[in-house]
>>> print(open('query30.txt').read())   # compact mmCIF, C-alpha atoms
# COMPACT_ATOMS: atom_id res chain seq x y z
CA MET A 1 47.61 -40.39 -56.33
CA LYS A 2 48.01 -37.00 -57.93
CA LYS A 3 46.58 -38.29 -61.14
CA ASN A 4 43.41 -39.34 -59.34
CA THR A 5 42.99 -35.90 -57.79
CA VAL A 6 43.31 -34.21 -61.16
CA ARG A 7 40.79 -36.59 -62.64
CA THR A 8 38.31 -35.96 -59.82
CA ALA A 9 38.66 -32.21 -60.21
CA TRP A 10 38.07 -32.35 -63.96
CA PHE A 11 35.13 -34.66 -63.50
CA GLY A 12 33.55 -32.12 -61.14
CA VAL A 13 34.11 -29.32 -63.64
CA PHE A 14 32.56 -31.36 -66.44
CA THR A 15 29.56 -32.37 -64.34
CA ALA A 16 28.96 -28.74 -63.40
CA LEU A 17 29.27 -27.66 -67.05
CA ALA A 18 26.85 -30.35 -68.20
CA LEU A 19 24.33 -29.27 -65.55
CA ILE A 20 24.66 -25.62 -66.53
CA PHE A 21 24.06 -26.55 -70.17
CA SER A 22 21.03 -28.60 -69.15
CA TYR A 23 19.71 -25.51 -67.41
CA VAL A 24 20.47 -23.21 -70.35
CA GLU A 25 18.62 -25.67 -72.55
CA THR A 26 15.46 -25.32 -70.46
CA LEU A 27 15.58 -21.56 -71.08
CA ILE A 28 15.51 -21.97 -74.87
CA PRO A 29 12.00 -22.72 -76.15
CA PHE A 30 13.19 -25.05 -78.90
CA GLN A 31 10.06 -27.20 -78.75
CA ILE A 32 8.09 -24.62 -80.68
CA GLY A 33 7.25 -26.03 -84.09
CA ILE A 34 8.84 -29.42 -83.74
CA PRO A 35 7.87 -31.22 -80.55
CA GLY A 36 10.51 -33.32 -78.85
CA VAL A 37 13.46 -31.84 -80.74
CA LYS A 38 16.19 -30.33 -78.60
CA LEU A 39 19.70 -29.15 -79.33
CA GLY A 40 21.16 -31.33 -76.59
CA LEU A 41 23.73 -28.84 -75.34
CA ALA A 42 24.70 -31.11 -72.44
CA ASN A 43 25.72 -33.75 -74.97
CA LEU A 44 28.47 -31.40 -76.06
CA ILE A 45 30.14 -32.00 -72.70
CA VAL A 46 29.63 -35.75 -73.03
CA VAL A 47 31.26 -35.73 -76.49
CA VAL A 48 34.23 -33.69 -75.23
CA ALA A 49 34.54 -35.97 -72.19
CA LEU A 50 34.49 -39.02 -74.46
CA TYR A 51 37.46 -37.64 -76.41
CA LYS A 52 39.43 -36.21 -73.51
CA MET A 53 38.66 -38.64 -70.67
CA GLY A 54 37.57 -41.87 -72.34
CA ALA A 55 34.44 -43.98 -72.54
CA LYS A 56 34.21 -44.90 -68.86
CA ASP A 57 34.27 -41.32 -67.61
CA ALA A 58 31.91 -40.21 -70.38
CA LEU A 59 29.44 -42.88 -69.28
CA LEU A 60 29.71 -41.86 -65.63
CA LEU A 61 29.33 -38.21 -66.60
CA SER A 62 26.32 -38.89 -68.81
CA VAL A 63 24.47 -40.85 -66.14
CA THR A 64 25.33 -38.34 -63.38
CA ARG A 65 24.22 -35.47 -65.59
CA ILE A 66 20.90 -37.08 -66.52
CA VAL A 67 19.98 -38.13 -62.98
CA LEU A 68 20.92 -34.77 -61.45
CA SER A 69 19.33 -32.58 -64.11
CA GLY A 70 16.29 -34.87 -64.08
CA PHE A 71 15.75 -34.28 -60.38
CA ILE A 72 16.43 -30.55 -60.65
CA PHE A 73 14.63 -29.56 -63.85
CA ALA A 74 12.26 -32.37 -64.74
CA SER A 75 10.57 -35.46 -63.38
CA LEU A 76 11.46 -39.04 -62.54
CA PHE A 77 9.74 -40.07 -65.71
CA SER A 78 11.97 -37.93 -67.89
CA ILE A 79 15.06 -39.48 -66.28
CA LEU A 80 14.09 -42.88 -67.63
CA TYR A 81 13.38 -41.28 -70.96
CA SER A 82 16.69 -39.40 -71.11
CA LEU A 83 18.70 -42.39 -69.88
CA ALA A 84 17.50 -44.51 -72.79
CA GLY A 85 18.54 -41.83 -75.26
CA GLY A 86 21.76 -40.95 -73.47
CA LEU A 87 23.02 -44.50 -73.03
CA LEU A 88 22.20 -45.67 -76.55
CA SER A 89 23.73 -42.51 -77.96
CA LEU A 90 26.90 -42.91 -75.92
CA ALA A 91 27.22 -46.61 -76.81
CA VAL A 92 27.07 -45.79 -80.52
CA MET A 93 29.52 -42.90 -80.12
CA VAL A 94 32.02 -45.11 -78.26
CA ILE A 95 31.84 -47.76 -80.98
CA LEU A 96 32.25 -45.24 -83.82
CA LYS A 97 35.12 -43.47 -82.06
CA LYS A 98 36.89 -46.81 -81.49
CA ARG A 99 36.62 -47.62 -85.19
CA GLY A 100 38.64 -44.49 -85.87
CA SER A 101 37.19 -43.90 -89.31
CA PHE A 102 34.88 -41.12 -88.14
CA SER A 103 35.74 -37.60 -87.01
CA VAL A 104 34.12 -35.76 -84.12
CA PHE A 105 31.42 -34.62 -86.56
CA GLY A 106 30.39 -38.14 -87.49
CA VAL A 107 30.57 -39.43 -83.92
CA SER A 108 28.47 -36.52 -82.70
CA MET A 109 25.91 -36.88 -85.51
CA ALA A 110 25.49 -40.58 -84.76
CA GLY A 111 25.11 -39.62 -81.10
CA GLY A 112 22.37 -37.12 -81.92
CA VAL A 113 20.51 -39.58 -84.12
CA PHE A 114 20.64 -42.46 -81.64
CA HIS A 115 19.70 -40.18 -78.76
CA ASN A 116 16.43 -39.62 -80.56
CA VAL A 117 16.10 -43.28 -81.55
CA GLY A 118 16.51 -44.38 -77.92
CA GLN A 119 13.85 -41.97 -76.74
CA LEU A 120 11.50 -43.05 -79.51
CA ILE A 121 11.93 -46.70 -78.49
CA VAL A 122 10.97 -45.82 -74.91
CA ALA A 123 8.00 -43.85 -76.24
CA MET A 124 6.87 -46.92 -78.19
CA LEU A 125 7.23 -49.17 -75.15
CA VAL A 126 5.43 -46.78 -72.80
CA VAL A 127 2.39 -46.14 -74.95
CA GLU A 128 2.51 -49.62 -76.51
CA THR A 129 2.11 -48.43 -80.07
CA PHE A 130 4.15 -48.31 -83.24
CA SER A 131 2.20 -45.35 -84.58
CA VAL A 132 5.04 -43.02 -83.59
CA ALA A 133 6.92 -44.47 -86.56
CA TYR A 134 5.74 -41.66 -88.82
CA TYR A 135 7.72 -39.32 -86.61
CA VAL A 136 10.97 -41.20 -87.27
CA PRO A 137 12.17 -39.12 -90.26
CA VAL A 138 11.70 -35.86 -88.35
CA LEU A 139 13.69 -37.17 -85.39
CA LEU A 140 16.43 -38.70 -87.57
CA ILE A 141 17.00 -35.51 -89.54
CA ALA A 142 16.84 -33.42 -86.38
CA GLY A 143 19.43 -35.77 -84.85
CA VAL A 144 21.80 -35.27 -87.77
CA ILE A 145 21.46 -31.47 -87.64
CA THR A 146 21.78 -31.07 -83.87
CA GLY A 147 24.55 -33.69 -83.82
CA PHE A 148 26.45 -31.77 -86.48
CA ILE A 149 26.14 -28.47 -84.60
CA ILE A 150 27.35 -30.16 -81.42
CA GLY A 151 30.15 -31.75 -83.44
CA VAL A 152 31.32 -28.38 -84.77
CA VAL A 153 31.43 -26.88 -81.28
CA ALA A 154 33.05 -30.02 -79.80
CA ASN A 155 35.69 -29.91 -82.54
CA GLU A 156 36.53 -26.30 -81.66
CA MET A 157 36.64 -27.14 -77.95
CA LEU A 158 38.92 -30.12 -78.54
CA LYS A 159 41.21 -27.98 -80.69
CA ARG A 160 41.56 -25.46 -77.88
CA LEU A 161 41.89 -28.07 -75.13
CA GLY A 162 44.62 -29.45 -77.39
CA SER A 163 47.29 -31.29 -75.52
CA ILE A 164 45.87 -30.80 -72.03
CA VAL A 165 45.43 -34.21 -70.42
CA LEU A 166 42.30 -34.40 -68.32
CA SER A 167 42.58 -37.84 -66.83
CA MET M 1 45.75 -25.27 -61.83
CA SER M 2 48.30 -28.04 -62.19
CA TYR M 3 47.38 -30.30 -65.03
CA LYS M 4 49.91 -32.23 -67.02
CA GLU M 5 50.81 -31.02 -70.46
CA ASN M 6 51.47 -33.89 -72.80
CA LYS M 7 51.79 -34.06 -76.53
CA SER M 8 49.41 -36.71 -77.80
CA PRO M 9 49.24 -36.64 -81.58
CA GLU M 10 46.23 -38.97 -81.88
CA GLU M 11 44.01 -36.47 -80.06
CA LYS M 12 44.54 -33.81 -82.71
CA ALA M 13 41.27 -32.32 -83.87
CA SER M 14 40.48 -33.61 -87.32
CA GLY M 15 38.32 -32.30 -90.13
CA PHE M 16 35.15 -33.64 -91.65
CA LYS M 17 35.81 -37.12 -93.01
CA LYS M 18 34.28 -38.99 -95.90
CA ASN M 19 32.70 -41.51 -93.51
CA ASP M 20 30.92 -38.69 -91.70
CA LEU M 21 29.27 -37.66 -94.94
CA ILE M 22 28.31 -41.25 -95.72
CA LEU M 23 26.77 -41.56 -92.25
CA ALA M 24 24.74 -38.36 -92.72
CA LEU M 25 23.52 -39.46 -96.16
CA LEU M 26 22.63 -42.90 -94.83
CA VAL M 27 20.48 -41.40 -92.07
CA LEU M 28 18.81 -39.09 -94.59
CA ALA M 29 18.11 -42.08 -96.85
CA VAL M 30 16.55 -44.05 -93.99
CA SER M 31 14.34 -41.12 -93.02
CA GLY M 32 13.38 -40.75 -96.68
CA ILE M 33 12.28 -44.39 -96.75
CA PHE M 34 10.21 -43.89 -93.59
CA PHE M 35 8.66 -40.74 -95.03
CA ALA M 36 7.81 -42.46 -98.32
CA GLY M 37 6.32 -45.37 -96.40
CA HIS M 38 4.21 -42.97 -94.41
CA LEU M 39 2.93 -41.21 -97.55
CA PHE M 40 2.22 -44.56 -99.18
CA THR M 41 0.24 -46.03 -96.30
CA SER M 42 -1.72 -42.94 -95.33
CA GLN M 43 -4.37 -41.54 -97.58
CA LYS M 44 -6.43 -38.49 -96.82
CA SER M 45 -9.71 -39.44 -95.25
CA ALA M 46 -12.27 -37.94 -92.98
CA GLY M 47 -11.71 -40.84 -90.68
CA VAL M 48 -12.01 -41.66 -87.07
CA VAL M 49 -9.81 -40.87 -84.13
CA GLU M 50 -9.00 -43.63 -81.72
CA ILE M 51 -8.20 -42.62 -78.16
CA GLN M 52 -5.90 -45.05 -76.39
CA ILE M 53 -5.10 -44.82 -72.73
CA ASP M 54 -2.32 -47.06 -71.45
CA GLY M 55 -2.39 -49.09 -74.66
CA LYS M 56 -6.13 -49.77 -74.59
CA VAL M 57 -8.62 -48.17 -76.97
CA VAL M 58 -11.18 -46.38 -74.81
CA GLU M 59 -13.02 -44.35 -77.42
CA THR M 60 -13.45 -44.12 -81.17
CA LEU M 61 -14.78 -40.83 -82.47
CA ASP M 62 -15.90 -39.45 -85.82
CA LEU M 63 -13.78 -36.54 -87.08
CA LYS M 64 -16.76 -34.94 -88.82
CA LYS M 65 -18.45 -34.02 -85.57
CA GLU M 66 -16.89 -30.94 -84.00
CA ARG M 67 -16.48 -31.03 -80.26
CA ALA M 68 -14.10 -30.72 -77.33
CA PHE M 69 -14.07 -32.88 -74.25
CA LYS M 70 -11.94 -34.05 -71.36
CA ILE M 71 -10.53 -37.57 -71.15
CA ASN M 72 -8.64 -39.69 -68.65
CA GLY M 73 -10.43 -38.17 -65.69
CA GLY M 74 -9.79 -34.62 -66.86
CA THR M 75 -6.03 -34.69 -67.38
CA ASN M 76 -6.28 -34.06 -71.13
CA THR M 77 -8.68 -32.16 -73.38
CA VAL M 78 -9.22 -33.40 -76.92
CA GLN M 79 -10.62 -31.10 -79.57
CA ILE M 80 -12.09 -32.09 -82.94
CA GLU M 81 -12.35 -29.26 -85.45
CA ASN M 82 -12.50 -29.05 -89.27
CA GLY M 83 -12.05 -32.80 -89.61
CA LYS M 84 -8.88 -32.67 -87.55
CA VAL M 85 -8.13 -33.58 -83.98
CA LYS M 86 -5.71 -32.02 -81.56
CA MET M 87 -4.85 -32.07 -77.89
CA ALA M 88 -6.24 -28.76 -76.65
CA ALA M 89 -4.92 -29.06 -73.10
CA ALA M 90 -2.94 -31.41 -70.91
CA ASN M 91 -1.75 -31.29 -67.32
CA CYS M 92 1.75 -32.57 -68.09
CA PRO M 93 4.77 -30.29 -67.59
CA ASP M 94 6.28 -30.48 -71.08
CA GLN M 95 3.12 -29.79 -73.15
CA ILE M 96 4.60 -31.58 -76.13
CA CYS M 97 1.27 -33.07 -77.19
CA VAL M 98 -0.43 -29.67 -76.98
CA HIS M 99 2.19 -28.08 -79.24
CA GLN M 100 1.75 -30.78 -81.87
CA LYS M 101 -0.25 -29.87 -84.97
CA ALA M 102 -3.80 -31.14 -85.47
CA ILE M 103 -3.88 -34.52 -87.24
CA SER M 104 -6.27 -35.93 -89.81
CA ARG M 105 -4.42 -38.48 -91.95
CA ASN M 106 -4.49 -42.22 -91.43
CA GLY M 107 -1.80 -43.49 -89.09
CA GLU M 108 -0.96 -40.07 -87.68
CA SER M 109 -0.92 -39.77 -83.95
CA ILE M 110 -0.54 -37.39 -81.07
CA ILE M 111 0.99 -38.81 -77.95
CA CYS M 112 0.92 -37.58 -74.40
CA LEU M 113 3.70 -39.61 -72.85
CA PRO M 114 3.30 -38.68 -69.16
CA ASN M 115 -0.40 -39.61 -69.19
CA LYS M 116 0.07 -42.57 -71.58
CA ILE M 117 -2.50 -41.25 -74.01
CA VAL M 118 -2.43 -41.78 -77.76
CA LEU M 119 -4.73 -40.12 -80.27
CA LYS M 120 -4.53 -42.06 -83.51
CA ILE M 121 -6.29 -41.59 -86.82
CA VAL M 122 -7.70 -44.81 -88.23
CA ASN M 123 -9.77 -45.43 -91.32
CA GLY M 124 -13.35 -44.42 -90.66
CA GLU M 125 -15.23 -46.87 -92.85
CA GLU M 126 -16.01 -49.65 -90.39
CA ALA M 127 -15.94 -47.78 -87.10
CA GLU M 128 -18.93 -45.49 -87.46
CA LEU M 129 -20.40 -46.27 -84.06
CA ASP M 130 -20.56 -43.40 -81.66
CA ALA M 131 -18.51 -43.95 -78.56
CA VAL M 132 -19.63 -43.59 -75.00
CA THR M 133 -19.85 -39.89 -74.24
CA ASN M 134 -18.63 -38.45 -71.04
>>> encode(input="query30.txt", output="structure tokens")
Amino acid sequence: MKKNTVRTAWFGVFTALALIFSYVETLIPFQIGIPGVKLGLANLIVVVALYKMGAKDALLLSVTRIVLSGFIFASLFSILYSLAGGLLSLAVMVILKKRGSFSVFGVSMAGGVFHNVGQLIVAMLVVETFSVAYYVPVLLIAGVITGFIIGVVANEMLKRLGSIVLS
Amino acid sequence: MSYKENKSPEEKASGFKKNDLILALLVLAVSGIFFAGHLFTSQKSAGVVEIQIDGKVVETLDLKKERAFKINGGTNTVQIENGKVKMAAANCPDQICVHQKAISRNGESIICLPNKIVLKIVNGEEAELDAVTN
């Protein structure tokens, strides 16, 4: 009983944090120069949740975050777009984390890369063209870099959260 | 706040592992292959821009003729200048297509996702016919 209450409280905190990060992200004009590339600050919370609360809660958090921030800051269309990236990214992160041979850095980098891959796949399906393929290297490299930055911050957060059990 | 404090050694933050590096290098290699493939298949040419709306080609235009015009009932403005084409304006909220650089090489494209519009450079040789003007 008590355990459930604690879990609910933490989940609320994480959802709020992810939403705040989504908002902060809209304030940073990162699109300048490279279209479509974002830091993905909210993914930081998803990565931390994956490590501290497990795959199920991370999935729930990711979907909640995307749907809510989509309705607040963007459009219905971008929800579909973000969901594809978010779910594929989380699936890959869960698999890599389970394997145990990757650190937070690797898991987060893979998450960043597959976030972009998922969105690119939706882009291809929506406009029914493969001509976006030339954009793949840009998105892959951007995914590695943003994923690494998120990984560094997530690593520091996890260090400080240390032995606190969130679920 | 009353959370439980437990020692769980497997949750210890770990450093950068060898597999992480391999993963990063692998992704870089894949993007290198894509980039090389792009360079290989696209040669510089004063070609033709194909305008696709919802997956269908609606217009094919010569890049040598400079002009600017609205498409898709006015939602987007396409501009051809110096043998390059760019999206000069769009009514979508993100403006990603507008921020993209002008394109001129074969296979390059500018995409406006919300309006389902693709501008794509194709080889000009065979498609010299002037499209329907609006």
>>> closest_residue(input="query30.txt", among="M:His99, M:Lys64, M:Lys86, M:Arg105", to="chain A", atoms="all atoms listed in the file")
M:His99
>>> closest_atom_pairs(input="query30.txt", of="chain A", to="chain M", cutoff="9 Å", atoms="only C-alpha atoms", output="JSON lines")
{"residue": "A:Lys3", "atom": "CA", "partner": "M:Tyr3", "partner_atom": "CA", "distance": 8.9}
{"residue": "A:Val6", "atom": "CA", "partner": "M:Tyr3", "partner_atom": "CA", "distance": 6.8}
{"residue": "A:Gln31", "atom": "CA", "partner": "M:Ile96", "partner_atom": "CA", "distance": 7.5}
{"residue": "A:Ile32", "atom": "CA", "partner": "M:His99", "partner_atom": "CA", "distance": 7.0}
{"residue": "A:Gly33", "atom": "CA", "partner": "M:His99", "partner_atom": "CA", "distance": 7.3}
{"residue": "A:Ile34", "atom": "CA", "partner": "M:Gln100", "partner_atom": "CA", "distance": 7.5}
{"residue": "A:Pro35", "atom": "CA", "partner": "M:Ile96", "partner_atom": "CA", "distance": 5.5}
{"residue": "A:Gly36", "atom": "CA", "partner": "M:Ile96", "partner_atom": "CA", "distance": 6.7}
{"residue": "A:Tyr51", "atom": "CA", "partner": "M:Glu11", "partner_atom": "CA", "distance": 7.6}
{"residue": "A:Lys52", "atom": "CA", "partner": "M:Glu11", "partner_atom": "CA", "distance": 8.0}
{"residue": "A:Ala74", "atom": "CA", "partner": "M:Pro93", "partner_atom": "CA", "distance": 8.3}
{"residue": "A:Ser75", "atom": "CA", "partner": "M:Pro93", "partner_atom": "CA", "distance": 8.8}
{"residue": "A:Phe77", "atom": "CA", "partner": "M:Pro114", "partner_atom": "CA", "distance": 7.4}
{"residue": "A:Ser78", "atom": "CA", "partner": "M:Pro114", "partner_atom": "CA", "distance": 8.8}
{"residue": "A:Ser101", "atom": "CA", "partner": "M:Asn19", "partner_atom": "CA", "distance": 6.6}
{"residue": "A:Phe102", "atom": "CA", "partner": "M:Asn19", "partner_atom": "CA", "distance": 5.8}
{"residue": "A:Ser103", "atom": "CA", "partner": "M:Lys17", "partner_atom": "CA", "distance": 6.0}
{"residue": "A:Val104", "atom": "CA", "partner": "M:Ser14", "partner_atom": "CA", "distance": 7.4}
{"residue": "A:Phe105", "atom": "CA", "partner": "M:Phe16", "partner_atom": "CA", "distance": 6.4}
{"residue": "A:Gly106", "atom": "CA", "partner": "M:Asp20", "partner_atom": "CA", "distance": 4.3}
{"residue": "A:Val107", "atom": "CA", "partner": "M:Asp20", "partner_atom": "CA", "distance": 7.8}
{"residue": "A:Met109", "atom": "CA", "partner": "M:Ala24", "partner_atom": "CA", "distance": 7.5}
{"residue": "A:Ala110", "atom": "CA", "partner": "M:Leu23", "partner_atom": "CA", "distance": 7.7}
{"residue": "A:Val113", "atom": "CA", "partner": "M:Val27", "partner_atom": "CA", "distance": 8.2}
{"residue": "A:Ala123", "atom": "CA", "partner": "M:Leu113", "partner_atom": "CA", "distance": 6.9}
{"residue": "A:Val126", "atom": "CA", "partner": "M:Lys116", "partner_atom": "CA", "distance": 6.9}
{"residue": "A:Val127", "atom": "CA", "partner": "M:Lys116", "partner_atom": "CA", "distance": 5.4}
{"residue": "A:Glu128", "atom": "CA", "partner": "M:Gly55", "partner_atom": "CA", "distance": 5.3}
{"residue": "A:Thr129", "atom": "CA", "partner": "M:Gly55", "partner_atom": "CA", "distance": 7.1}
{"residue": "A:Ser131", "atom": "CA", "partner": "M:Gly107", "partner_atom": "CA", "distance": 6.3}
{"residue": "A:Val132", "atom": "CA", "partner": "M:Ser109", "partner_atom": "CA", "distance": 6.8}
{"residue": "A:Ala133", "atom": "CA", "partner": "M:Phe34", "partner_atom": "CA", "distance": 7.8}
{"residue": "A:Tyr134", "atom": "CA", "partner": "M:His38", "partner_atom": "CA", "distance": 5.9}
{"residue": "A:Tyr135", "atom": "CA", "partner": "M:Phe35", "partner_atom": "CA", "distance": 8.6}
{"residue": "A:Val136", "atom": "CA", "partner": "M:Ser31", "partner_atom": "CA", "distance": 6.7}
{"residue": "A:Pro137", "atom": "CA", "partner": "M:Ser31", "partner_atom": "CA", "distance": 4.0}
{"residue": "A:Val138", "atom": "CA", "partner": "M:Ser31", "partner_atom": "CA", "distance": 7.5}
{"residue": "A:Leu139", "atom": "CA", "partner": "M:Ser31", "partner_atom": "CA", "distance": 8.6}
{"residue": "A:Leu140", "atom": "CA", "partner": "M:Ser31", "partner_atom": "CA", "distance": 6.3}
{"residue": "A:Ile141", "atom": "CA", "partner": "M:Leu28", "partner_atom": "CA", "distance": 6.4}
{"residue": "A:Val144", "atom": "CA", "partner": "M:Ala24", "partner_atom": "CA", "distance": 6.5}
{"residue": "A:Asn155", "atom": "CA", "partner": "M:Ala13", "partner_atom": "CA", "distance": 6.2}
{"residue": "A:Glu156", "atom": "CA", "partner": "M:Ala13", "partner_atom": "CA", "distance": 8.0}
{"residue": "A:Leu158", "atom": "CA", "partner": "M:Ala13", "partner_atom": "CA", "distance": 6.2}
{"residue": "A:Lys159", "atom": "CA", "partner": "M:Ala13", "partner_atom": "CA", "distance": 5.4}
{"residue": "A:Gly162", "atom": "CA", "partner": "M:Lys12", "partner_atom": "CA", "distance": 6.9}
{"residue": "A:Ser163", "atom": "CA", "partner": "M:Lys7", "partner_atom": "CA", "distance": 5.4}
{"residue": "A:Ile164", "atom": "CA", "partner": "M:Glu5", "partner_atom": "CA", "distance": 5.2}
{"residue": "A:Val165", "atom": "CA", "partner": "M:Lys4", "partner_atom": "CA", "distance": 6.0}
{"residue": "A:Leu166", "atom": "CA", "partner": "M:Tyr3", "partner_atom": "CA", "distance": 7.3}
>>> atom_distance(input="query30.txt", atom1="atom CA of A:Leu41", atom2="atom CA of A:Thr8")
22.5 Å
>>> residues_around(input="query30.txt", residues="M:Val49", least_positions_apart="3", cutoff="9 Å", atoms="all atoms listed in the file", output="ChimeraX atom specification")
/M:59-63,84-85,104,109,119-124
>>> closest_residue(input="query30.txt", among="A:Leu68, A:Ile28, A:Leu83, A:Met93", to="A:Gly151", atoms="all atoms listed in the file")
A:Met93
>>> closest_residue(input="query30.txt", among="A:Leu120, A:Leu88, A:Ile150, A:Ile66", to="A:Val48", atoms="only C-alpha atoms")
A:Ile150
>>> atom_distance(input="query30.txt", atom1="atom CA of A:Ala49", atom2="atom CA of A:Leu27")
23.8 Å
>>> atom_distance(input="query30.txt", atom1="atom CA of M:Ala102", atom2="atom CA of M:Met87")
7.7 Å
